[in-house]
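K.L.:
What follows is data-v8.cif, mmCIF, C-alpha atoms (C1' of nucleotides) and all ligand atoms.
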```
data_input
loop_
_atom_site.group_PDB
_atom_site.id
_atom_site.type_symbol
_atom_site.label_atom_id
_atom_site.label_comp_id
_atom_site.auth_asym_id
_atom_site.auth_seq_id
_atom_site.Cartn_x
_atom_site.Cartn_y
_atom_site.Cartn_z
ATOM 1 C CA MET A 1 -160.701 17.600 16.289
ATOM 2 C CA THR A 2 -163.285 14.992 17.043
ATOM 3 C CA LEU A 3 -163.713 15.210 20.747
ATOM 4 C CA LEU A 4 -166.932 13.270 20.825
ATOM 5 C CA GLN A 5 -167.835 10.065 19.105
ATOM 6 C CA SER A 6 -167.805 10.722 15.414
ATOM 7 C CA LEU A 7 -170.537 9.509 13.182
ATOM 8 C CA SER A 8 -170.146 7.388 10.100
ATOM 9 C CA LYS A 9 -171.366 8.651 6.757
ATOM 10 C CA ASN A 10 -174.749 6.943 6.885
ATOM 11 C CA GLN A 11 -175.258 7.737 10.537
ATOM 12 C CA GLN A 12 -174.640 11.420 9.820
ATOM 13 C CA ILE A 13 -177.009 11.439 6.865
ATOM 14 C CA VAL A 14 -179.785 9.829 8.877
ATOM 15 C CA LEU A 15 -179.222 12.062 11.883
ATOM 16 C CA ASP A 16 -179.285 15.188 9.708
ATOM 17 C CA ILE A 17 -182.645 14.213 8.242
ATOM 18 C CA ILE A 18 -184.115 13.516 11.672
ATOM 19 C CA LYS A 19 -182.795 16.779 13.081
ATOM 20 C CA LYS A 20 -184.232 18.810 10.227
ATOM 21 C CA ALA A 21 -187.659 17.220 10.562
ATOM 22 C CA LYS A 22 -190.403 18.983 12.475
ATOM 23 C CA GLY A 23 -191.649 15.771 14.011
ATOM 24 C CA PRO A 24 -190.942 12.085 14.367
ATOM 25 C CA LEU A 25 -189.851 10.331 11.210
ATOM 26 C CA LYS A 26 -190.544 6.753 10.233
ATOM 27 C CA ALA A 27 -187.786 4.530 8.941
ATOM 28 C CA TYR A 28 -189.153 4.221 5.421
ATOM 29 C CA SER A 29 -189.828 7.926 5.240
ATOM 30 C CA ILE A 30 -186.173 8.485 6.056
ATOM 31 C CA LEU A 31 -185.246 5.933 3.404
ATOM 32 C CA PHE A 32 -187.229 7.721 0.702
ATOM 33 C CA ASN A 33 -185.607 10.994 1.726
ATOM 34 C CA VAL A 34 -182.058 9.746 1.378
ATOM 35 C CA GLN A 35 -182.241 7.710 -1.798
ATOM 36 C CA LYS A 36 -180.707 10.615 -3.685
ATOM 37 C CA LYS A 37 -177.740 10.290 -1.351
ATOM 38 C CA GLY A 38 -177.122 6.708 -2.415
ATOM 39 C CA ILE A 39 -178.818 4.851 0.391
ATOM 40 C CA ASN A 40 -181.090 2.274 -1.111
ATOM 41 C CA ALA A 41 -182.057 -0.327 1.450
ATOM 42 C CA PRO A 42 -183.956 -0.410 4.736
ATOM 43 C CA GLN A 43 -181.069 -2.197 6.420
ATOM 44 C CA GLN A 44 -178.875 0.831 5.955
ATOM 45 C CA ILE A 45 -181.441 3.003 7.677
ATOM 46 C CA TYR A 46 -182.140 0.611 10.523
ATOM 47 C CA ARG A 47 -178.450 0.101 11.194
ATOM 48 C CA ALA A 48 -177.868 3.808 11.411
ATOM 49 C CA LEU A 49 -180.921 4.238 13.616
ATOM 50 C CA ASP A 50 -179.718 1.508 15.981
ATOM 51 C CA LYS A 51 -176.353 3.162 16.434
ATOM 52 C CA LEU A 52 -177.822 6.632 16.855
ATOM 53 C CA ILE A 53 -180.114 5.307 19.562
ATOM 54 C CA GLU A 54 -177.172 3.645 21.312
ATOM 55 C CA MET A 55 -175.342 6.958 21.250
ATOM 56 C CA GLY A 56 -178.371 8.777 22.613
ATOM 57 C CA LYS A 57 -178.572 11.037 19.557
ATOM 58 C CA ILE A 58 -182.103 9.977 18.769
ATOM 59 C CA HIS A 59 -184.997 8.216 20.464
ATOM 60 C CA LYS A 60 -187.647 5.853 19.222
ATOM 61 C CA ILE A 61 -191.249 6.746 19.956
ATOM 62 C CA GLU A 62 -192.411 3.202 20.559
ATOM 63 C CA SER A 63 -196.108 3.862 20.181
ATOM 64 C CA LYS A 64 -195.519 5.355 16.747
ATOM 65 C CA ASN A 65 -192.576 3.414 15.377
ATOM 66 C CA ALA A 66 -190.939 6.731 14.677
ATOM 67 C CA PHE A 67 -187.715 8.481 15.528
ATOM 68 C CA VAL A 68 -186.873 11.921 16.899
ATOM 69 C CA ALA A 69 -183.648 13.737 17.635
ATOM 70 C CA CYS A 70 -182.803 14.082 21.297
ATOM 71 C CA LYS A 71 -183.586 17.621 22.387
ATOM 72 C CA SER A 72 -182.641 17.516 25.993
ATOM 73 C CA SER A 73 -179.207 15.937 26.221
ATOM 74 C CA ASP A 74 -180.261 15.261 29.783
ATOM 75 C CA CYS A 75 -181.338 11.724 29.096
ATOM 76 C CA GLU A 76 -177.808 10.331 29.262
ATOM 77 C CA ILE A 77 -177.605 7.790 26.457
ATOM 78 C CA SER A 78 -181.313 7.127 26.307
ATOM 79 C CA LYS A 79 -181.640 5.843 29.843
ATOM 80 C CA ALA A 80 -184.535 8.033 30.818
ATOM 81 C CA THR A 81 -186.907 9.192 28.130
ATOM 82 C CA ALA A 82 -190.307 10.819 28.316
ATOM 83 C CA PHE A 83 -192.524 12.255 25.630
ATOM 84 C CA SER A 84 -195.815 14.038 25.229
ATOM 85 C CA ILE A 85 -197.852 13.042 22.225
ATOM 86 C CA CYS A 86 -200.867 14.888 20.867
ATOM 87 C CA GLU A 87 -203.452 12.427 19.654
ATOM 88 C CA SER A 88 -204.918 15.026 17.328
ATOM 89 C CA CYS A 89 -202.034 16.706 15.501
ATOM 90 C CA GLU A 90 -199.501 14.010 16.385
ATOM 91 C CA VAL A 91 -196.976 16.522 17.659
ATOM 92 C CA VAL A 92 -194.380 14.878 19.866
ATOM 93 C CA ASP A 93 -192.264 16.689 22.420
ATOM 94 C CA GLU A 94 -189.481 15.340 24.528
ATOM 95 C CA ILE A 95 -190.115 16.050 28.183
ATOM 96 C CA SER A 96 -187.070 17.234 30.029
ATOM 97 C CA ASP A 97 -187.936 17.332 33.686
ATOM 98 C CA ALA A 98 -185.290 16.621 36.279
ATOM 99 C CA LYS A 99 -187.780 15.849 39.016
ATOM 100 C CA LEU A 100 -189.683 13.368 36.900
ATOM 101 C CA SER A 101 -186.496 11.732 35.784
ATOM 102 C CA LYS A 102 -185.209 11.489 39.319
ATOM 103 C CA TYR A 103 -188.513 10.164 40.596
ATOM 104 C CA LEU A 104 -188.671 7.421 38.005
ATOM 105 C CA SER A 105 -185.016 6.504 38.332
ATOM 106 C CA GLY A 106 -185.529 6.212 42.068
ATOM 107 C CA PHE A 107 -188.455 3.916 41.522
ATOM 108 C CA ASN A 108 -185.934 1.118 41.026
ATOM 109 C CA ARG A 109 -185.418 0.241 44.639
ATOM 110 C CA LYS A 110 -189.032 -0.325 45.456
ATOM 111 C CA LYS A 111 -189.234 -3.469 43.385
ATOM 112 C CA GLY A 112 -187.171 -6.629 43.197
ATOM 113 C CA MET A 113 -185.819 -5.500 39.893
ATOM 114 C CA LYS A 114 -183.175 -2.909 39.242
ATOM 115 C CA PHE A 115 -184.094 -0.820 36.258
ATOM 116 C CA LYS A 116 -181.515 0.440 33.833
ATOM 117 C CA ARG A 117 -183.780 2.392 31.599
ATOM 118 C CA PHE A 118 -187.313 3.627 31.176
ATOM 119 C CA ASN A 119 -189.502 5.131 28.506
ATOM 120 C CA LEU A 120 -192.631 7.103 29.263
ATOM 121 C CA GLU A 121 -195.183 8.275 26.735
ATOM 122 C CA PHE A 122 -197.989 10.667 27.656
ATOM 123 C CA PHE A 123 -200.990 11.066 25.370
ATOM 124 C CA GLY A 124 -203.478 13.897 25.192
ATOM 125 C CA ILE A 125 -204.566 16.926 23.239
ATOM 126 C CA CYS A 126 -202.117 19.770 22.906
ATOM 127 C CA LYS A 127 -202.848 23.472 23.444
ATOM 128 C CA LYS A 128 -203.242 24.224 19.768
ATOM 129 C CA CYS A 129 -205.674 21.398 19.200
ATOM 130 C CA LYS A 130 -207.833 22.255 22.183
ATOM 131 C CA MET B 1 -223.653 0.783 38.114
ATOM 132 C CA THR B 2 -220.843 -0.410 35.987
ATOM 133 C CA LEU B 3 -222.407 -2.136 33.044
ATOM 134 C CA LEU B 4 -220.722 -5.470 32.438
ATOM 135 C CA GLN B 5 -219.701 -5.340 28.852
ATOM 136 C CA SER B 6 -220.026 -8.778 27.350
ATOM 137 C CA LEU B 7 -217.463 -10.022 24.942
ATOM 138 C CA SER B 8 -218.110 -11.247 21.448
ATOM 139 C CA LYS B 9 -217.048 -14.730 20.440
ATOM 140 C CA ASN B 10 -213.719 -13.750 18.914
ATOM 141 C CA GLN B 11 -212.972 -11.282 21.667
ATOM 142 C CA GLN B 12 -213.502 -14.017 24.258
ATOM 143 C CA ILE B 13 -211.304 -16.475 22.380
ATOM 144 C CA VAL B 14 -208.468 -13.980 22.090
ATOM 145 C CA LEU B 15 -208.770 -12.865 25.701
ATOM 146 C CA ASP B 16 -208.718 -16.468 26.932
ATOM 147 C CA ILE B 17 -205.495 -17.168 25.046
ATOM 148 C CA ILE B 18 -203.836 -14.041 26.418
ATOM 149 C CA LYS B 19 -204.942 -14.803 29.959
ATOM 150 C CA LYS B 20 -203.619 -18.343 29.824
ATOM 151 C CA ALA B 21 -200.250 -17.227 28.505
ATOM 152 C CA LYS B 22 -197.306 -16.826 30.860
ATOM 153 C CA GLY B 23 -196.081 -13.722 29.110
ATOM 154 C CA PRO B 24 -196.924 -11.224 26.409
ATOM 155 C CA LEU B 25 -198.256 -12.697 23.188
ATOM 156 C CA LYS B 26 -197.756 -11.379 19.693
ATOM 157 C CA ALA B 27 -200.682 -11.021 17.344
ATOM 158 C CA TYR B 28 -199.556 -13.692 14.922
ATOM 159 C CA SER B 29 -198.748 -16.063 17.730
ATOM 160 C CA ILE B 30 -202.321 -15.637 18.906
ATOM 161 C CA LEU B 31 -203.503 -16.230 15.370
ATOM 162 C CA PHE B 32 -201.633 -19.529 15.069
ATOM 163 C CA ASN B 33 -203.049 -20.606 18.411
ATOM 164 C CA VAL B 34 -206.663 -20.053 17.442
ATOM 165 C CA GLN B 35 -206.750 -21.405 13.929
ATOM 166 C CA LYS B 36 -208.288 -24.603 15.242
ATOM 167 C CA LYS B 37 -211.114 -22.443 16.539
ATOM 168 C CA GLY B 38 -211.929 -21.182 13.085
ATOM 169 C CA ILE B 39 -210.155 -17.855 13.121
ATOM 170 C CA ASN B 40 -208.060 -17.603 10.010
ATOM 171 C CA ALA B 41 -207.052 -14.022 9.372
ATOM 172 C CA PRO B 42 -204.956 -11.363 11.114
ATOM 173 C CA GLN B 43 -207.824 -8.892 10.864
ATOM 174 C CA GLN B 44 -209.910 -10.998 13.180
ATOM 175 C CA ILE B 45 -207.149 -10.967 15.765
ATOM 176 C CA TYR B 46 -206.364 -7.281 15.476
ATOM 177 C CA ARG B 47 -210.021 -6.333 15.693
ATOM 178 C CA ALA B 48 -210.455 -8.340 18.862
ATOM 179 C CA LEU B 49 -207.242 -6.891 20.305
ATOM 180 C CA ASP B 50 -208.388 -3.341 19.578
ATOM 181 C CA LYS B 51 -211.665 -3.849 21.399
ATOM 182 C CA LEU B 52 -210.052 -5.609 24.344
ATOM 183 C CA ILE B 53 -207.632 -2.710 24.719
ATOM 184 C CA GLU B 54 -210.512 -0.217 24.606
ATOM 185 C CA MET B 55 -212.223 -2.176 27.363
ATOM 186 C CA GLY B 56 -209.053 -2.247 29.435
ATOM 187 C CA LYS B 57 -208.961 -6.052 29.433
ATOM 188 C CA ILE B 58 -205.520 -6.166 27.883
ATOM 189 C CA HIS B 59 -202.597 -3.845 27.273
ATOM 190 C CA LYS B 60 -200.103 -3.529 24.477
ATOM 191 C CA ILE B 61 -196.433 -3.590 25.384
ATOM 192 C CA GLU B 62 -195.361 -1.034 22.829
ATOM 193 C CA SER B 63 -191.675 -1.848 22.875
ATOM 194 C CA LYS B 64 -192.430 -5.481 22.080
ATOM 195 C CA ASN B 65 -195.537 -5.326 19.910
ATOM 196 C CA ALA B 66 -197.093 -7.808 22.268
ATOM 197 C CA PHE B 67 -200.188 -8.052 24.402
ATOM 198 C CA VAL B 68 -200.820 -8.962 28.036
ATOM 199 C CA ALA B 69 -203.916 -9.351 30.141
ATOM 200 C CA CYS B 70 -204.530 -6.571 32.629
ATOM 201 C CA LYS B 71 -203.553 -7.794 36.063
ATOM 202 C CA SER B 72 -204.216 -4.766 38.175
ATOM 203 C CA SER B 73 -207.671 -3.518 37.299
ATOM 204 C CA ASP B 74 -206.388 -0.275 38.765
ATOM 205 C CA CYS B 75 -205.530 1.188 35.421
ATOM 206 C CA GLU B 76 -209.101 2.223 34.614
ATOM 207 C CA ILE B 77 -209.564 1.476 30.940
ATOM 208 C CA SER B 78 -205.890 1.661 30.071
ATOM 209 C CA LYS B 79 -205.381 5.256 31.126
ATOM 210 C CA ALA B 80 -202.357 4.646 33.276
ATOM 211 C CA THR B 81 -200.154 1.705 32.464
ATOM 212 C CA ALA B 82 -196.702 0.777 33.654
ATOM 213 C CA PHE B 83 -194.609 -2.311 33.075
ATOM 214 C CA SER B 84 -191.291 -3.786 34.068
ATOM 215 C CA ILE B 85 -189.497 -5.688 31.361
ATOM 216 C CA CYS B 86 -186.526 -7.988 31.858
ATOM 217 C CA GLU B 87 -184.087 -7.582 29.007
ATOM 218 C CA SER B 88 -182.702 -11.046 29.627
ATOM 219 C CA CYS B 89 -185.648 -13.433 30.080
ATOM 220 C CA GLU B 90 -188.191 -11.032 28.584
ATOM 221 C CA VAL B 91 -190.549 -11.404 31.530
ATOM 222 C CA VAL B 92 -193.043 -8.559 31.672
ATOM 223 C CA ASP B 93 -194.937 -7.511 34.781
ATOM 224 C CA GLU B 94 -197.613 -4.927 35.114
ATOM 225 C CA ILE B 95 -196.707 -2.430 37.800
ATOM 226 C CA SER B 96 -199.586 -1.545 40.050
ATOM 227 C CA ASP B 97 -198.465 1.310 42.216
ATOM 228 C CA ALA B 98 -200.960 3.907 43.355
ATOM 229 C CA LYS B 99 -198.305 6.500 44.175
ATOM 230 C CA LEU B 100 -196.650 6.178 40.825
ATOM 231 C CA SER B 101 -199.964 6.355 39.055
ATOM 232 C CA LYS B 102 -201.004 9.399 41.035
ATOM 233 C CA TYR B 103 -197.680 11.109 40.496
ATOM 234 C CA LEU B 104 -197.797 10.637 36.750
ATOM 235 C CA SER B 105 -201.446 11.558 36.449
ATOM 236 C CA GLY B 106 -200.686 14.714 38.395
ATOM 237 C CA PHE B 107 -197.888 15.545 36.015
ATOM 238 C CA ASN B 108 -200.529 16.824 33.591
ATOM 239 C CA ARG B 109 -200.915 20.237 35.044
ATOM 240 C CA LYS B 110 -197.283 21.184 34.899
ATOM 241 C CA LYS B 111 -197.275 21.410 31.128
ATOM 242 C CA GLY B 112 -199.384 23.225 28.589
ATOM 243 C CA MET B 113 -200.959 19.949 27.647
ATOM 244 C CA LYS B 114 -203.528 17.966 29.537
ATOM 245 C CA PHE B 115 -202.742 14.277 29.394
ATOM 246 C CA LYS B 116 -205.439 11.679 29.148
ATOM 247 C CA ARG B 117 -203.262 8.640 29.248
ATOM 248 C CA PHE B 118 -199.725 7.444 29.750
ATOM 249 C CA ASN B 119 -197.672 4.324 29.253
ATOM 250 C CA LEU B 120 -194.431 3.661 31.072
ATOM 251 C CA GLU B 121 -192.017 0.854 30.359
ATOM 252 C CA PHE B 122 -189.077 0.094 32.641
ATOM 253 C CA PHE B 123 -186.229 -2.088 31.410
ATOM 254 C CA GLY B 124 -183.652 -3.985 33.433
ATOM 255 C CA ILE B 125 -182.612 -7.394 34.663
ATOM 256 C CA CYS B 126 -184.989 -9.242 36.934
ATOM 257 C CA LYS B 127 -184.097 -11.024 40.181
ATOM 258 C CA LYS B 128 -183.927 -14.447 38.607
ATOM 259 C CA CYS B 129 -181.621 -13.328 35.851
ATOM 260 C CA LYS B 130 -179.278 -11.463 38.162
ATOM 261 C "C1'" DC C 1 -145.548 -0.802 8.215
ATOM 262 C "C1'" DT C 2 -148.385 -5.098 8.446
ATOM 263 C "C1'" DT C 3 -151.784 -7.590 9.858
ATOM 264 C "C1'" DA C 4 -155.877 -8.820 12.356
ATOM 265 C "C1'" DA C 5 -159.992 -7.325 14.451
ATOM 266 C "C1'" DA C 6 -163.774 -4.509 14.625
ATOM 267 C "C1'" DT C 7 -166.898 -1.572 12.423
ATOM 268 C "C1'" DA C 8 -169.438 0.064 8.525
ATOM 269 C "C1'" DT C 9 -171.371 -0.580 4.007
ATOM 270 C "C1'" DG C 10 -173.941 -2.570 0.001
ATOM 271 C "C1'" DT C 11 -177.255 -5.783 -1.584
ATOM 272 C "C1'" DT C 12 -180.886 -9.234 -2.133
ATOM 273 C "C1'" DA C 13 -184.267 -11.578 -0.027
ATOM 274 C "C1'" DT C 14 -187.498 -12.530 3.502
ATOM 275 C "C1'" DA C 15 -189.926 -12.171 7.944
ATOM 276 C "C1'" DT C 16 -193.029 -9.761 10.866
ATOM 277 C "C1'" DT C 17 -196.577 -6.565 12.040
ATOM 278 C "C1'" DA C 18 -200.709 -4.175 10.684
ATOM 279 C "C1'" DT C 19 -204.456 -2.198 7.770
ATOM 280 C "C1'" DA C 20 -207.723 -1.595 3.577
ATOM 281 C "C1'" DA C 21 -211.762 -2.825 1.477
ATOM 282 C "C1'" DC C 22 -215.929 -5.205 0.841
ATOM 283 C "C1'" DA C 23 -219.683 -8.508 1.740
ATOM 284 C "C1'" DA C 24 -222.430 -11.088 4.823
ATOM 285 C "C1'" DA C 25 -224.350 -12.261 9.376
ATOM 286 C "C1'" DC C 26 -225.931 -10.943 13.807
ATOM 287 C "C1'" DG C 27 -228.072 -8.267 17.618
ATOM 288 C "C1'" DT C 28 -230.549 -4.593 19.265
ATOM 289 C "C1'" DT C 29 -234.327 -1.634 19.361
ATOM 290 C "C1'" DA C 30 -237.869 1.617 17.336
ATOM 291 C "C1'" DT D 1 -240.738 -5.410 10.406
ATOM 292 C "C1'" DA D 2 -237.127 -2.256 9.361
ATOM 293 C "C1'" DA D 3 -233.177 0.218 10.428
ATOM 294 C "C1'" DC D 4 -228.934 0.622 12.581
ATOM 295 C "C1'" DG D 5 -224.710 -0.485 14.629
ATOM 296 C "C1'" DT D 6 -221.505 -4.185 15.583
ATOM 297 C "C1'" DT D 7 -219.223 -8.372 14.573
ATOM 298 C "C1'" DT D 8 -217.585 -11.641 11.430
ATOM 299 C "C1'" DG D 9 -215.345 -13.655 7.287
ATOM 300 C "C1'" DT D 10 -212.288 -13.043 3.539
ATOM 301 C "C1'" DT D 11 -208.822 -11.536 0.166
ATOM 302 C "C1'" DA D 12 -205.378 -8.547 -0.667
ATOM 303 C "C1'" DT D 13 -201.825 -5.364 0.413
ATOM 304 C "C1'" DA D 14 -199.214 -1.972 3.173
ATOM 305 C "C1'" DA D 15 -195.836 -0.919 6.544
ATOM 306 C "C1'" DT D 16 -192.191 -2.211 9.623
ATOM 307 C "C1'" DA D 17 -188.074 -4.858 10.495
ATOM 308 C "C1'" DT D 18 -184.445 -8.501 10.133
ATOM 309 C "C1'" DA D 19 -181.466 -12.405 7.946
ATOM 310 C "C1'" DA D 20 -177.662 -13.504 5.467
ATOM 311 C "C1'" DC D 21 -173.694 -12.765 2.909
ATOM 312 C "C1'" DA D 22 -170.094 -10.195 0.491
ATOM 313 C "C1'" DT D 23 -167.073 -6.287 0.521
ATOM 314 C "C1'" DA D 24 -164.880 -2.191 2.231
ATOM 315 C "C1'" DT D 25 -163.107 0.828 5.632
ATOM 316 C "C1'" DT D 26 -161.267 2.133 10.042
ATOM 317 C "C1'" DT D 27 -158.798 0.993 14.295
ATOM 318 C "C1'" DA D 28 -155.417 -0.936 17.154
ATOM 319 C "C1'" DA D 29 -151.718 -4.051 17.935
ATOM 320 C "C1'" DG D 30 -147.609 -6.414 17.028
HETATM 321 ZN ZN ZN E 201 -183.260 12.820 24.845
HETATM 322 ZN ZN ZN E 202 -202.188 18.822 18.781
HETATM 323 ZN ZN ZN E 203 -203.856 -2.990 33.667
HETATM 324 ZN ZN ZN E 204 -185.204 -12.032 33.716
#
```
Translate this structure into structure tokens?
Ligand SMILES: [Zn+2]
Ligand SMILES: [Zn+2]
Ligand SMILES: [Zn+2]
Ligand SMILES: [Zn+2]

P.N.:
Amino acid sequence: MTLLQSLSKNQQIVLDIIKKAKGPLKAYSILFNVQKKGINAPQQIYRALDKLIEMGKIHKIESKNAFVACKSSDCEISKATAFSICESCEVVDEISDAKLSKYLSGFNRKKGMKFKRFNLEFFGICKKCK
Amino acid sequence: MTLLQSLSKNQQIVLDIIKKAKGPLKAYSILFNVQKKGINAPQQIYRALDKLIEMGKIHKIESKNAFVACKSSDCEISKATAFSICESCEVVDEISDAKLSKYLSGFNRKKGMKFKRFNLEFFGICKKCK
DNA sequence: CTTAAATATGTTATATTATAACAAACGTTA
DNA sequence: TAACGTTTGTTATAATATAACATATTTAAG
């Protein structure tokens, strides 16, 4: 039945909330949203978030301390993430661009360090806000 | 042509500390380091940090909530920043790569949104730690 | 099946990071 | 001088995240 990694109860609850949201959610906003489901403490949220990130189900937008569901499923367990962020309306979109991903993954060799992962955040003003 | 913006007293104190440091500094670590200089409150640190970022003198490493002095002076007022981060020893280096910067700045046009700024953070294991 | 290990949960407390709000001092310039 | 913007000082509080410990549940061997 469960072909892929199955989620625990709390992980599923947190993922559902994040998926339903229109934008990035903050940890405490998730907490307030799930208190009716019996989750009462930040730890429970942060633990679920940590696991979901490990699994590549969600990403953290570092510049906003907020979490979004993975839309692309191209970013293989959160190894290569890129986002566009509108500084006016705060809309965040995951960028799924094979060329970009390949270019940045290939960047590894040019330096003495071998990269395992990257996160890229673009900022600007979106179409609607222009 | 370029007007040399002079720093205020607190801005200079905070910048000096960050420049002397071997790695990224956290705001409260800066605070503890400057209490002998008469700075007593987080606000004073965060205000200085905000201005120094605006001026492009320092950058924030978003994934670490820490601050480093700008090493490259190629990133024109913090519009195009990239860092390599060792997940073992936590060493952070600013990446100064004209091609990379050009490539990412050029990425703007491909999407409906015009980007004004980006931040890229690479993670891996550095030479020393390998 | 039985047991041990690993994973997940619940809970309380605390640490860390960041901002709000207000008053006073300072620096520029009209 | 007066007005304005910026910087500073200060107290308080908000927002984000982890520590530590006890219990429960699932998984995988033996
Ligand atoms: Zn993704
Ligand atoms: Zn917008
Ligand atoms: Zn720089
Ligand atoms: Zn290292």

K.L.:
Hey, which residues sit close to ligand ZN 204 (chain E)? Say within 12 Å, counting only C-alpha atoms (C1' of nucleotides) and all ligand atoms, and write them as a PyMOL selection string.

P.N.:
(chain A and resi 112-115) or (chain B and resi 23+84-93+123-130)

K.L.:
Could you write out as JSON the box around segment 31-48 of chain B (axis-aligned, all atoms listed in the file, 3 Å on each side), with centre and edge lengths in Å to one decimal?

P.N.:
```
{"center_x": -206.8, "center_y": -15.5, "center_z": 14.1, "size_x": 16.3, "size_y": 24.3, "size_z": 15.5}
```

K.L.:
Taking all atoms listed in the file into account, which residues have an atom no farther than 9 Å from ligand ZN 201 (chain E)? I'd like them as a PyMOL selection string.

P.N.:
chain A and resi 56-59+68-82+94-96

K.L.:
I'd like the contact shell of segment 8-18 of chain C - 9 Å cut-off, all atoms listed in the file, skipping same-chain residues fewer than 3 positions apart - returned as a ChimeraX atom specification.

P.N.:
/A:8-10,39-41,44 /B:27-28,42-43,46,65 /D:14-20,22-26

K.L.:
Could you give the RMSD, in Å, left over when chain B is least-squares superposed onto chain A across all Cα atoms paired sequentially?

P.N.:
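When all C-alpha atoms are superposed, the deviation is 1.5 Å.
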
K.L.:
Chain D residues within 10 Å of chain B, counting only C-alpha atoms (C1' of nucleotides): which ones, as a ChimeraX atom specification?

P.N.:
/D:6-11
